[in-house]
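Below is one structure, written out as C-alpha cells; comments come after it.
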Amino acid sequence: MWPNPRLCVRCAFALLIITGAATPIAISAADWNPIGGNSARNSVALQRGPTNADVLWETDATSATNAVWADMPFVWGDYVFTSRVASVFDISNSSVIEAFDLHTGERLWTLQLPVNAAHPGWSNRVLGV
C-alpha cells in the first residue's frame, strides 16, 4: 500500500501538468487568421487569381446604388449583398442594404436600414451585412 495516497495523487497531477506545459504543441499557421492574412501580416496571398477575368454583370452607375460610402460586396450562396450610405447629410434616410442575384445581377430587394438618433449630434449607423 501507498503510505499517503493523497500525496501520490497530488504528485501525479503536478507531474502531468508540468510535462503537459513543457510539451510543445504543433499548431499549423494555416489554422490562424492574423491581421494581414499571413504570419508576415503583409496581406500577400500565395494563390494567384485568374489572368483574364470576365465581367458577368454590373449595376447601373446612375441608379440608386450611388453612394458616398459603401462596403465591399459580400457573396453568400447565389446572392451578392452590398451596403451603402447615399448621403452623409441624411444618414437616417440613406443607409441601405441591397441583394442581387449572383448570376444575373438582378436586384432582388433593397432595404433601408432603421437608424435611430439617441440625441442630437450622434446617430447609430448600422451598415454591415
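Ordering of the C-alpha cells sets the chain letters (A, B, ...), residue numbers begin anew at 1 in every chain, and ligands are numbered from 1 in the order given.
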Contact residues around Ser94 in chain A with only C-alpha atoms at 9 Å, ignoring same-chain residues under 5 positions, as a list in words: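 The residues that qualify are Ala67, Arg84, Val85, Ala86, Ser87, Val88, Gln112 and Leu113 of chain A.
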Using C-alpha atoms, can you export the residues from the last selection as a PDB file, in the first residue's frame?
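The new file result-v5.pdb reads:
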ATOM      1  CA  ALA A  67     -23.066  56.140 -52.597  1.00  0.00           C
ATOM      2  CA  ARG A  84     -24.107  51.888 -48.721  1.00  0.00           C
ATOM      3  CA  VAL A  85     -24.849  55.378 -47.488  1.00  0.00           C
ATOM      4  CA  ALA A  86     -26.141  57.712 -50.184  1.00  0.00           C
ATOM      5  CA  SER A  87     -25.757  60.962 -48.247  1.00  0.00           C
ATOM      6  CA  VAL A  88     -23.683  61.855 -45.206  1.00  0.00           C
ATOM      7  CA  GLN A 112     -33.493  50.983 -45.942  1.00  0.00           C
ATOM      8  CA  LEU A 113     -31.931  50.416 -42.549  1.00  0.00           C
TER       9      LEU A 113
END
For Phe100 in chain A, list every protein, DNA or RNA residue within 6 Å, evaluated using only C-alpha atoms, and leave out those in the same chain fewer than 5 positions away; present the list as a list in words.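 Everything that qualifies: Tyr79, Val80, Gly105, Glu106, Arg107 and Leu108 of chain A.
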Residue nearest Ser83 in chain A - candidates A:Leu111, A:Ile17, A:Ala40, A:Leu56, atoms counted: only C-alpha atoms: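 Among the listed residues, the smallest separation from Ser83 in chain A belongs to A:Leu111.
Put simply, CA of Asp101 in chain A is 9.1 Å away from CA of Phe81 in chain A.
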Mind giving me the straight-line distance from CA of Asn52 in chain A to CA of Gly77 in chain A in Å, one decimal?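 Between CA of Asn52 in chain A and CA of Gly77 in chain A the gap is 23.3 Å.
In this model, the gap between CA of Trp57 in chain A and CA of Thr104 in chain A comes to 6.7 Å.
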